[in-house]
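The structure appears right after this line, and notes come after that.
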Amino acid sequence: MAIVLQVDQLVKSFGSVKAVRGTSFEVLEGQCFGLLGPNGAGKSTTIEMIEGITNPDEGQILFCGEPFKGPLRDKMGVQFQNTALPPKLTVREALQTFRNLYSRGLEIEALINLCQLKEFVNQQHEKISGGQKQRLLLAIALCHDPELILLDEPTTGLDPQARRHVWNIVREIKAKGKTLILTTHYMDEAEQLCDDIAIMDHGQIMARGSPRKLLHEHCKNTIVFLPESDVANHIWLNRAKFGQVYQVHLGVEIHTQDLNDILSHLGTLNMDLTGINIRQSNLDDLFLQLTGKELRQ
Ligand SMILES: Nc1ncnc2c1ncn2[C@@H]1O[C@H](COP(=O)(O)OP(=O)(O)OP(=O)(O)O)[C@@H](O)[C@H]1O
């Protein structure tokens with residue numbers, strides 16, 4: 001598979017803040033590449049350098065081997081989290097307005113079908129739901145039939161059904177051979193859509209690979225969860241004795257490769273273990289291990 005986008009040793013600082021510190025990755029044709037990281041990791045700055053909104057201090061971005069600038073940028077479509085649309089327009093009129101900016105691209109009806117806008121295409125865009133708005137913004141990003149599509153947190157704030165709706169459209173776009181880059185706060189979204197994932201923190205890539213490879217290499221731990229309680233407090237205060245312990249939503253987690261040892265240790269405490277939960281680790285846990293933070297903070 002050909003390399004569509006090559007990001008090579010990007011560096012970007014804002015005053016004394018080093019937002020991106022030598023980030024490199026490549027995105028293959030027809031693949032969906034996911035960039036994940038906690039708040040402040042440097043994802044948006046990296047994406048903005050690809051979009052051409054921000055210039056890197058160092059490093060380069062190549063599109064099919066050429067410096068990614070000038071008319072080549074028409075090969076890219078961007079779905080921003082929020083795009084200010086002209087007021088009072090219907091969904092169809094808003095789409096037509098953006099389509100008119102380009103001499104070539106997809107027909108309006110094809111965009112309406114692909115992004116499933118039909119049932120609300122004649123409504124004012126201010127009056128549609130969050131999920132419908134994301135689908136409209138996706139259609140706008142696809143107006144000029146770009147080769148490379150950037151999706152910035154396409155499903156943040158959407159309910160599970162609306163998220164799945166967007167996922168299906170992303171899969172259809174992928175099936176047309178397009179290359180995608182997405183940022184997300186949802187590891188399940190990355191698992192569902194991405195062929196390749198990079199986990200970023202402090203301006204650097206901490207782990208990289210397909211979801212399957214990352215699971216195989218990094219997710220050998222068993223996770224023991226204890227809800228907020230005396231025993232959870234005890235574990236947190238004595239965490240050095242338990243190995244990897246994290247404070248998570250509504251409790252603490254112990255990450256271990258020796259479950260028997262942890263269970264016998266907990267047994268000796270003679271404390272109430274009600275609510276204990278044991279499961280195999282997943283990519284959310286890998287994220288927590290690498291960054292020390294939960295993905296959905
Ligand atoms: N224009 C700017 N001026 C000053 N500092 C900035 C600017 N843009 C980003 N930063 C800083 O650079 C670092 C990386 O920010 P960035 O927005 O790229 O992170 P992020 O991973 O996208 O986070 P989030 O998930 O919250 O959007 C942060 O410390 C941020 O405060």
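Letters for chains follow the order of the structure tokens (A, B, ...), residue numbers begin at 1 for each chain, and ligand numbers begin at 1 in the order shown.
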Chain A residues near ligand 1 within 8 Å, closest pair each, using only C-alpha atoms and all ligand atoms, as a Markdown table:
| residue | atom | partner | partner_atom_place_in_ligand_line | distance |
| --- | --- | --- | --- | --- |
| A:Ser13 | CA | ligand 1 | 12 (O) | 7.3 |
| A:Phe14 | CA | ligand 1 | 4 (C) | 4.7 |
| A:Gly15 | CA | ligand 1 | 4 (C) | 7.0 |
| A:Val17 | CA | ligand 1 | 12 (O) | 6.1 |
| A:Lys18 | CA | ligand 1 | 12 (O) | 6.6 |
| A:Ala19 | CA | ligand 1 | 12 (O) | 4.0 |
| A:Val20 | CA | ligand 1 | 14 (C) | 7.0 |
| A:Leu36 | CA | ligand 1 | 21 (O) | 7.8 |
| A:Gly37 | CA | ligand 1 | 21 (O) | 5.7 |
| A:Pro38 | CA | ligand 1 | 25 (O) | 5.6 |
| A:Asn39 | CA | ligand 1 | 26 (O) | 3.4 |
| A:Gly40 | CA | ligand 1 | 19 (O) | 3.4 |
| A:Ala41 | CA | ligand 1 | 21 (O) | 3.5 |
| A:Gly42 | CA | ligand 1 | 18 (O) | 3.2 |
| A:Lys43 | CA | ligand 1 | 21 (O) | 3.8 |
| A:Ser44 | CA | ligand 1 | 22 (O) | 3.5 |
| A:Thr45 | CA | ligand 1 | 18 (O) | 3.7 |
| A:Thr46 | CA | ligand 1 | 18 (O) | 6.4 |
| A:His185 | CA | ligand 1 | 25 (O) | 7.5 |
| A:Met200 | CA | ligand 1 | 21 (O) | 7.5 |
| A:Asp201 | CA | ligand 1 | 21 (O) | 7.4 |
| A:His202 | CA | ligand 1 | 14 (C) | 7.6 |
| A:Gly203 | CA | ligand 1 | 14 (C) | 6.9 |
Which neighbours of Ser24 of chain A fall inside 10 Å, counting only C-alpha atoms, when residues of the same chain fewer than 6 positions from it are skipped, and could you give them as a PyMOL selection string? chain A and resi 6-11+46+59-61+204-205
Can you list, as a VMD selection string, every protein, DNA or RNA residue that comes within 9 Å of Val252 of chain A when you count only C-alpha atoms, leaving out same-chain residues fewer than 3 positions away? chain A and resid 224 to 228 232 to 233 235 to 236 245 to 249
Write out as a VMD selection string each polymer residue whose atoms come within 10 Å of segment 72-79 of chain A, counting only C-alpha atoms; drop sequence neighbours fewer than 2 positions from it. chain A and resid 47 50 to 52 63 to 64 66 to 70 81 to 83 102 134 to 154 179 to 182
Could you tell me, as a PyMOL selection string, which residues of segment 8-189 of chain A DSSP assigns to strand (DSSP E or B) when given the backbone? chain A and resi 8-14+17-28+32-36+58-63+66-67+76-79+90+124+148-152+179-184
Could those residues be written to a file, using C-alpha atoms, as a CSV table (one decimal), in the first residue's frame?
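Once written, out_0.csv looks like this:
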chain,number,residue,atom,x,y,z
A,8,ASP,CA,8.3,13.6,9.7
A,9,GLN,CA,9.9,14.8,12.9
A,10,LEU,CA,7.4,17.6,13.5
A,11,VAL,CA,8.2,20.1,16.3
A,12,LYS,CA,6.1,23.0,17.5
A,13,SER,CA,6.4,25.2,20.5
A,14,PHE,CA,4.2,28.0,21.8
A,17,VAL,CA,5.3,25.1,25.9
A,18,LYS,CA,6.7,22.3,23.7
A,19,ALA,CA,3.4,21.2,22.2
A,20,VAL,CA,4.8,18.7,19.7
A,21,ARG,CA,8.3,17.2,20.1
A,22,GLY,CA,9.5,15.3,17.1
A,23,THR,CA,6.3,13.5,16.0
A,24,SER,CA,6.6,11.1,13.0
A,25,PHE,CA,4.1,8.7,11.4
A,26,GLU,CA,2.9,7.7,8.0
A,27,VAL,CA,-0.6,7.0,6.8
A,28,LEU,CA,-1.2,4.4,4.2
A,32,CYS,CA,-8.0,4.9,8.8
A,33,PHE,CA,-5.3,6.3,11.1
A,34,GLY,CA,-6.3,7.2,14.7
A,35,LEU,CA,-4.6,9.8,16.8
A,36,LEU,CA,-5.4,9.4,20.5
A,58,GLU,CA,10.8,21.9,12.4
A,59,GLY,CA,10.0,18.8,10.4
A,60,GLN,CA,8.0,18.3,7.2
A,61,ILE,CA,4.7,16.9,5.9
A,62,LEU,CA,4.6,15.1,2.6
A,63,PHE,CA,1.6,14.1,0.6
A,66,GLU,CA,5.6,15.9,-2.2
A,67,PRO,CA,5.6,18.8,0.3
A,76,MET,CA,-7.8,17.0,1.8
A,77,GLY,CA,-11.2,17.5,3.4
A,78,VAL,CA,-11.5,18.5,7.0
A,79,GLN,CA,-14.4,17.9,9.3
A,90,THR,CA,-31.5,24.8,5.2
A,124,GLN,CA,-32.8,24.8,9.0
A,148,LEU,CA,-7.5,12.4,2.5
A,149,ILE,CA,-10.2,13.2,5.1
A,150,LEU,CA,-9.4,14.5,8.6
A,151,LEU,CA,-12.1,14.0,11.3
A,152,ASP,CA,-11.5,15.9,14.5
A,179,THR,CA,-7.7,7.6,3.5
A,180,LEU,CA,-8.8,8.9,6.9
A,181,ILE,CA,-7.2,10.4,9.9
A,182,LEU,CA,-9.3,10.8,13.0
A,183,THR,CA,-8.7,12.1,16.5
A,184,THR,CA,-10.9,10.6,19.2
Which value, in Å to one decimal, gives the distance between atom CA of Asp195 of chain A and atom CA of Gly30 of chain A?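 Those two atoms sit 9.6 Å apart.
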I'd like to know which residues of segment 53-131 of chain A are alpha helix (DSSP H) (by DSSP, run on the backbone); could you write them as a PyMOL selection string? chain A and resi 91-99+108-114+130-131
Go through A:Val170, A:Leu117, A:Leu283, A:Gln161 and flag the residue nearest Arg208 of chain A, using only C-alpha atoms for the distances.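 The closest residue to Arg208 of chain A is A:Leu283.
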Name all residues at most 7 Å from Ile169 of chain A (count only C-alpha atoms; drop same-chain ones fewer than 3 positions away) and give them as a PyMOL selection string. chain A and resi 114-115+165-166+172-173
Serialized selection, N, CA and C atoms, as an mmCIF file, in the first residue's frame:
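Result file selection-v9.cif:
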data_model
loop_
_atom_site.group_PDB
_atom_site.id
_atom_site.type_symbol
_atom_site.label_atom_id
_atom_site.label_comp_id
_atom_site.auth_asym_id
_atom_site.auth_seq_id
_atom_site.Cartn_x
_atom_site.Cartn_y
_atom_site.Cartn_z
ATOM 1 N N LEU A 114 -24.806 9.615 0.801
ATOM 2 C CA LEU A 114 -23.660 9.051 1.523
ATOM 3 C C LEU A 114 -23.731 9.389 3.019
ATOM 4 N N CYS A 115 -24.076 10.627 3.325
ATOM 5 C CA CYS A 115 -24.076 11.057 4.740
ATOM 6 C C CYS A 115 -25.470 10.975 5.373
ATOM 7 N N HIS A 165 -24.145 5.602 13.893
ATOM 8 C CA HIS A 165 -24.563 6.134 12.594
ATOM 9 C C HIS A 165 -23.356 6.772 11.879
ATOM 10 N N VAL A 166 -22.607 7.600 12.623
ATOM 11 C CA VAL A 166 -21.419 8.239 12.043
ATOM 12 C C VAL A 166 -20.384 7.162 11.676
ATOM 13 N N GLU A 172 -18.311 3.525 5.147
ATOM 14 C CA GLU A 172 -18.656 3.629 3.711
ATOM 15 C C GLU A 172 -17.633 4.463 2.963
ATOM 16 N N ILE A 173 -17.175 5.542 3.615
ATOM 17 C CA ILE A 173 -16.165 6.406 2.973
ATOM 18 C C ILE A 173 -14.882 5.589 2.758
#
Please measure the separation of atom CA of Leu193 of chain A and atom CA of Leu106 of chain A, giving the value in Å to one decimal. 23.5 Å
Selection: 9 Å around Gln280 of chain A, only C-alpha atoms, excl. self and same-chain fewer than 4 positions, as JSON, numbers by chain: {"A": [219, 220, 221, 222, 223, 224]}
Atom CA of Gln132 of chain A to atom CA of Gln116 of chain A measures 8.7 Å
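Using only C-alpha atoms for every distance, the candidate list A:Phe120, A:Phe98, A:Phe80, A:Phe287 yields A:Phe287 as the residue closest to Asp188 of chain A.
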